[in-house]
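Asks: My questions will all concern the structure given below.
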Amino acid sequence: MDNNRGDRADLRRCHSIVDVVFNPAYHKLWLALNKLGFGNRDSVAVIAGVLVHVKNHQAGESFAAQMASTKDGSNTQVSGLRFKRLLKIKDKDELFSSIVRIVKLMDGNVNVCNLANSLYWWNDITKKEWAYSYYEKAPKTKI
């Protein structure tokens, strides 16, 4: 999608999975990924709609650990309260809108591979892995 800025801009304007699915750019992506075995259409829609907001791929740490990293030396990029709410999400549409907001909070600098994998396989196992990564990285607060 980096090579087709128009498709990317169209997807960036989507506010729900339904908007993504109604977009021809999504279908081009889904057809390509389906040939590789990625058959879950809703998960691919979430990934397509979220990743168009990424500016830079930051390899290394997982997306959850990146959310816990500090922005100004004291506050995490994503607050503990927002993170807890995120882990309670089951609905793909709610997941889509929440992750888009988080990617924007992080200035679009995320681990693309880890995020895409997590969104595709969004389940209790993924949520536990995120919790482990986030809380291992989050700065310790006084009780």
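Chain labels A, B, ... are given in the sequence in which chains occur in the structure tokens; within each chain residues are numbered consecutively from 1, and ligands are likewise numbered from 1 in the order shown.
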Find the spatial neighbours of Gly49 in chain A, counting only C-alpha atoms, within a cut-off of 8 Å - ignore same-chain residues fewer than 6 positions away - and output them as a list of chain:residue names.
Replies: A:Leu11, A:Arg12, A:Cys14, A:Ile17, A:Val20, A:Phe96, A:Val100
Asks: Kindly save the residues from that selection, with C-alpha atoms included, as a CSV table (one decimal), in the first residue's frame.
Replies:
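This went into selection.csv:
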```csv
chain,number,residue,atom,x,y,z
A,11,LEU,CA,-8.5,3.5,4.0
A,12,ARG,CA,-7.3,6.1,6.4
A,14,CYS,CA,-12.5,4.6,7.3
A,17,ILE,CA,-14.6,-2.3,9.7
A,20,VAL,CA,-12.9,-0.8,5.3
A,96,PHE,CA,-10.3,-1.4,15.3
A,100,VAL,CA,-6.3,3.3,15.6
```
Asks: Would you list the contacts of Trp121 in chain A as a list in words, taking every protein, DNA or RNA residue within 12 Å and counting only C-alpha atoms, but skipping same-chain residues closer than 6 positions in sequence?
Replies: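 Everything that qualifies: Phe38, Gly39, Asn40, Asp42, Ser43, Val44, Val46, Ile47, Lys90, Lys92, Asn114, Leu115, Lys127 and Glu129 of chain A.
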Asks: Could the residues in this selection be saved with N, CA and C atoms as a tab-separated table (two decimals), in the first residue's frame?
Replies:
```
chain	number	residue	atom	x	y	z
A	38	PHE	N	-4.38	-16.37	4.71
A	38	PHE	CA	-5.02	-15.50	5.69
A	38	PHE	C	-6.48	-15.31	5.30
A	39	GLY	N	-7.34	-16.22	5.76
A	39	GLY	CA	-8.72	-16.25	5.31
A	39	GLY	C	-9.72	-15.52	6.19
A	40	ASN	N	-9.30	-15.03	7.33
A	40	ASN	CA	-10.24	-14.35	8.23
A	40	ASN	C	-10.45	-12.91	7.75
A	42	ASP	N	-12.56	-10.44	8.51
A	42	ASP	CA	-12.69	-9.35	9.49
A	42	ASP	C	-11.34	-8.98	10.09
A	43	SER	N	-10.52	-9.97	10.37
A	43	SER	CA	-9.20	-9.68	10.93
A	43	SER	C	-8.33	-8.92	9.92
A	44	VAL	N	-8.41	-9.31	8.66
A	44	VAL	CA	-7.65	-8.61	7.63
A	44	VAL	C	-8.17	-7.18	7.48
A	46	VAL	N	-9.46	-5.33	9.88
A	46	VAL	CA	-8.92	-4.58	11.03
A	46	VAL	C	-7.46	-4.21	10.76
A	47	ILE	N	-6.69	-5.16	10.31
A	47	ILE	CA	-5.26	-4.92	10.03
A	47	ILE	C	-5.10	-3.84	8.97
A	90	LYS	N	-13.75	-7.44	22.87
A	90	LYS	CA	-13.99	-8.69	22.13
A	90	LYS	C	-14.43	-8.39	20.70
A	92	LYS	N	-14.58	-6.82	17.06
A	92	LYS	CA	-13.55	-6.38	16.10
A	92	LYS	C	-13.69	-4.90	15.75
A	114	ASN	N	4.37	-7.35	14.70
A	114	ASN	CA	3.77	-7.81	15.94
A	114	ASN	C	2.33	-7.34	16.07
A	115	LEU	N	2.07	-6.09	15.69
A	115	LEU	CA	0.70	-5.56	15.76
A	115	LEU	C	-0.22	-6.32	14.81
A	127	LYS	N	-4.15	-11.51	24.37
A	127	LYS	CA	-4.34	-10.54	25.45
A	127	LYS	C	-3.40	-10.82	26.62
A	129	GLU	N	-0.46	-12.34	26.43
A	129	GLU	CA	0.89	-11.97	25.99
A	129	GLU	C	1.08	-10.45	26.05
```
Asks: For Val21 in chain A, please output as an MDAnalysis selection string all residues within 9 Å (counting only C-alpha atoms; exclusion window: fewer than 4 positions along the same chain).
Replies: chainID A and resid 16:17 25:27 41:42 45
Asks: DSSP on the backbone, strand (DSSP E) only: what residues of range 21-135 of chain A does that give? Format it as a count of residues only.
Replies: 4
Asks: Looking at only C-alpha atoms, which of A:Val50, A:Ser69, A:Leu119, A:Asn75 is the one that sits closest to Ile89 in chain A?
Replies: A:Leu119
Asks: Would you work out the distance separating CA of Ala32 in chain A from CA of Asn4 in chain A, expressed in Å to one decimal?
Replies: 15.1 Å
Asks: Using only C-alpha atoms, can you tell me which of A:Asn111, A:Asn23, A:Ser133, A:Ser98 comes closest to Arg82 in chain A?
Replies: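 Going through A:Asn111, A:Asn23, A:Ser133, A:Ser98 one by one, the smallest distance to Arg82 in chain A is for A:Ser98.
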Asks: Using DSSP secondary structure from the backbone, list all alpha helix (DSSP H) positions within chain A, as a PDB file with C-alpha atoms, in the first residue's frame.
Replies:
```pdb
ATOM      1  CA  ARG A   5      -1.094   6.622  -1.737  1.00  0.00           C
ATOM      2  CA  GLY A   6      -4.683   7.003  -2.979  1.00  0.00           C
ATOM      3  CA  ASP A   7      -5.730   3.591  -1.636  1.00  0.00           C
ATOM      4  CA  ARG A   8      -3.949   4.306   1.611  1.00  0.00           C
ATOM      5  CA  ALA A   9      -5.701   7.670   1.977  1.00  0.00           C
ATOM      6  CA  ASP A  10      -9.085   6.057   1.257  1.00  0.00           C
ATOM      7  CA  LEU A  11      -8.503   3.469   3.978  1.00  0.00           C
ATOM      8  CA  ARG A  12      -7.266   6.128   6.400  1.00  0.00           C
ATOM      9  CA  ILE A  17     -14.618  -2.288   9.705  1.00  0.00           C
ATOM     10  CA  VAL A  18     -17.695  -1.883   7.508  1.00  0.00           C
ATOM     11  CA  ASP A  19     -16.118   1.217   5.939  1.00  0.00           C
ATOM     12  CA  VAL A  20     -12.926  -0.766   5.330  1.00  0.00           C
ATOM     13  CA  VAL A  21     -14.817  -3.669   3.741  1.00  0.00           C
ATOM     14  CA  PRO A  24     -11.844  -1.615  -3.046  1.00  0.00           C
ATOM     15  CA  ALA A  25      -8.301  -1.230  -1.654  1.00  0.00           C
ATOM     16  CA  TYR A  26      -9.157  -3.657   1.142  1.00  0.00           C
ATOM     17  CA  HIS A  27     -10.350  -6.249  -1.364  1.00  0.00           C
ATOM     18  CA  LYS A  28      -7.092  -6.058  -3.315  1.00  0.00           C
ATOM     19  CA  LEU A  29      -5.197  -6.678  -0.088  1.00  0.00           C
ATOM     20  CA  TRP A  30      -7.525  -9.451   1.062  1.00  0.00           C
ATOM     21  CA  LEU A  31      -7.272 -11.307  -2.250  1.00  0.00           C
ATOM     22  CA  ALA A  32      -3.462 -11.221  -2.020  1.00  0.00           C
ATOM     23  CA  LEU A  33      -3.414 -12.323   1.637  1.00  0.00           C
ATOM     24  CA  ASN A  34      -6.071 -14.992   1.119  1.00  0.00           C
ATOM     25  CA  LYS A  35      -3.749 -16.699  -1.392  1.00  0.00           C
ATOM     26  CA  ARG A  41     -11.786 -11.395   6.395  1.00  0.00           C
ATOM     27  CA  ASP A  42     -12.689  -9.351   9.490  1.00  0.00           C
ATOM     28  CA  SER A  43      -9.197  -9.678  10.927  1.00  0.00           C
ATOM     29  CA  VAL A  44      -7.645  -8.606   7.628  1.00  0.00           C
ATOM     30  CA  ALA A  45     -10.047  -5.633   7.547  1.00  0.00           C
ATOM     31  CA  VAL A  46      -8.921  -4.585  11.029  1.00  0.00           C
ATOM     32  CA  ILE A  47      -5.265  -4.922  10.034  1.00  0.00           C
ATOM     33  CA  ALA A  48      -5.756  -2.952   6.799  1.00  0.00           C
ATOM     34  CA  GLY A  49      -7.662  -0.181   8.549  1.00  0.00           C
ATOM     35  CA  VAL A  50      -5.140   0.121  11.372  1.00  0.00           C
ATOM     36  CA  LEU A  51      -1.844  -0.212   9.530  1.00  0.00           C
ATOM     37  CA  PHE A  63       3.564  -3.528  20.334  1.00  0.00           C
ATOM     38  CA  ALA A  64       2.405  -3.998  23.949  1.00  0.00           C
ATOM     39  CA  ALA A  65       5.877  -3.162  25.282  1.00  0.00           C
ATOM     40  CA  GLN A  66       5.957  -0.120  23.022  1.00  0.00           C
ATOM     41  CA  MET A  67       2.641   1.025  24.530  1.00  0.00           C
ATOM     42  CA  ALA A  68       4.259   0.797  27.981  1.00  0.00           C
ATOM     43  CA  GLY A  80      -2.667   1.646  32.303  1.00  0.00           C
ATOM     44  CA  LEU A  81      -6.395   2.403  32.361  1.00  0.00           C
ATOM     45  CA  ARG A  82      -6.630   2.591  28.556  1.00  0.00           C
ATOM     46  CA  PHE A  83      -4.597  -0.612  28.318  1.00  0.00           C
ATOM     47  CA  LYS A  84      -6.945  -2.459  30.712  1.00  0.00           C
ATOM     48  CA  ARG A  85      -9.959  -1.330  28.671  1.00  0.00           C
ATOM     49  CA  LEU A  86      -8.228  -2.513  25.508  1.00  0.00           C
ATOM     50  CA  LEU A  87      -7.747  -6.005  26.918  1.00  0.00           C
ATOM     51  CA  LYS A  92     -13.550  -6.385  16.097  1.00  0.00           C
ATOM     52  CA  ASP A  93     -15.112  -2.977  15.333  1.00  0.00           C
ATOM     53  CA  GLU A  94     -14.336  -1.700  18.829  1.00  0.00           C
ATOM     54  CA  LEU A  95     -10.834  -3.171  18.572  1.00  0.00           C
ATOM     55  CA  PHE A  96     -10.336  -1.351  15.267  1.00  0.00           C
ATOM     56  CA  SER A  97     -11.264   2.084  16.610  1.00  0.00           C
ATOM     57  CA  SER A  98      -9.289   1.638  19.843  1.00  0.00           C
ATOM     58  CA  ILE A  99      -6.103   0.509  18.118  1.00  0.00           C
ATOM     59  CA  VAL A 100      -6.308   3.338  15.564  1.00  0.00           C
ATOM     60  CA  ARG A 101      -6.456   5.835  18.446  1.00  0.00           C
ATOM     61  CA  ILE A 102      -3.505   4.135  20.147  1.00  0.00           C
ATOM     62  CA  VAL A 103      -1.393   4.113  16.964  1.00  0.00           C
ATOM     63  CA  LYS A 104      -2.078   7.848  16.636  1.00  0.00           C
ATOM     64  CA  LEU A 105      -1.128   8.381  20.312  1.00  0.00           C
ATOM     65  CA  VAL A 112       4.017  -3.485  12.390  1.00  0.00           C
ATOM     66  CA  CYS A 113       4.631  -7.250  12.297  1.00  0.00           C
ATOM     67  CA  ASN A 114       3.765  -7.806  15.942  1.00  0.00           C
ATOM     68  CA  LEU A 115       0.703  -5.565  15.762  1.00  0.00           C
ATOM     69  CA  ALA A 116      -0.641  -7.225  12.595  1.00  0.00           C
ATOM     70  CA  ASN A 117      -0.120 -10.698  14.067  1.00  0.00           C
ATOM     71  CA  SER A 118      -1.847  -9.706  17.304  1.00  0.00           C
ATOM     72  CA  LEU A 119      -4.820  -8.179  15.498  1.00  0.00           C
ATOM     73  CA  TYR A 120      -5.223 -11.223  13.263  1.00  0.00           C
ATOM     74  CA  ASP A 124      -7.287 -14.526  25.191  1.00  0.00           C
ATOM     75  CA  ILE A 125      -3.801 -15.847  24.426  1.00  0.00           C
ATOM     76  CA  THR A 126      -2.909 -12.619  22.608  1.00  0.00           C
ATOM     77  CA  LYS A 127      -4.341 -10.536  25.448  1.00  0.00           C
ATOM     78  CA  LYS A 128      -2.278 -12.436  28.033  1.00  0.00           C
ATOM     79  CA  GLU A 129       0.894 -11.967  25.990  1.00  0.00           C
ATOM     80  CA  TRP A 130       0.146  -8.260  25.738  1.00  0.00           C
ATOM     81  CA  ALA A 131      -0.421  -8.053  29.495  1.00  0.00           C
ATOM     82  CA  TYR A 132       2.918  -9.774  30.172  1.00  0.00           C
ATOM     83  CA  SER A 133       4.766  -7.451  27.784  1.00  0.00           C
ATOM     84  CA  TYR A 134       3.047  -4.257  28.893  1.00  0.00           C
ATOM     85  CA  TYR A 135       3.430  -4.758  32.646  1.00  0.00           C
ATOM     86  CA  GLU A 136       7.036  -5.958  32.379  1.00  0.00           C
ATOM     87  CA  LYS A 137       7.900  -2.722  30.564  1.00  0.00           C
TER      88      LYS A 137
END
```
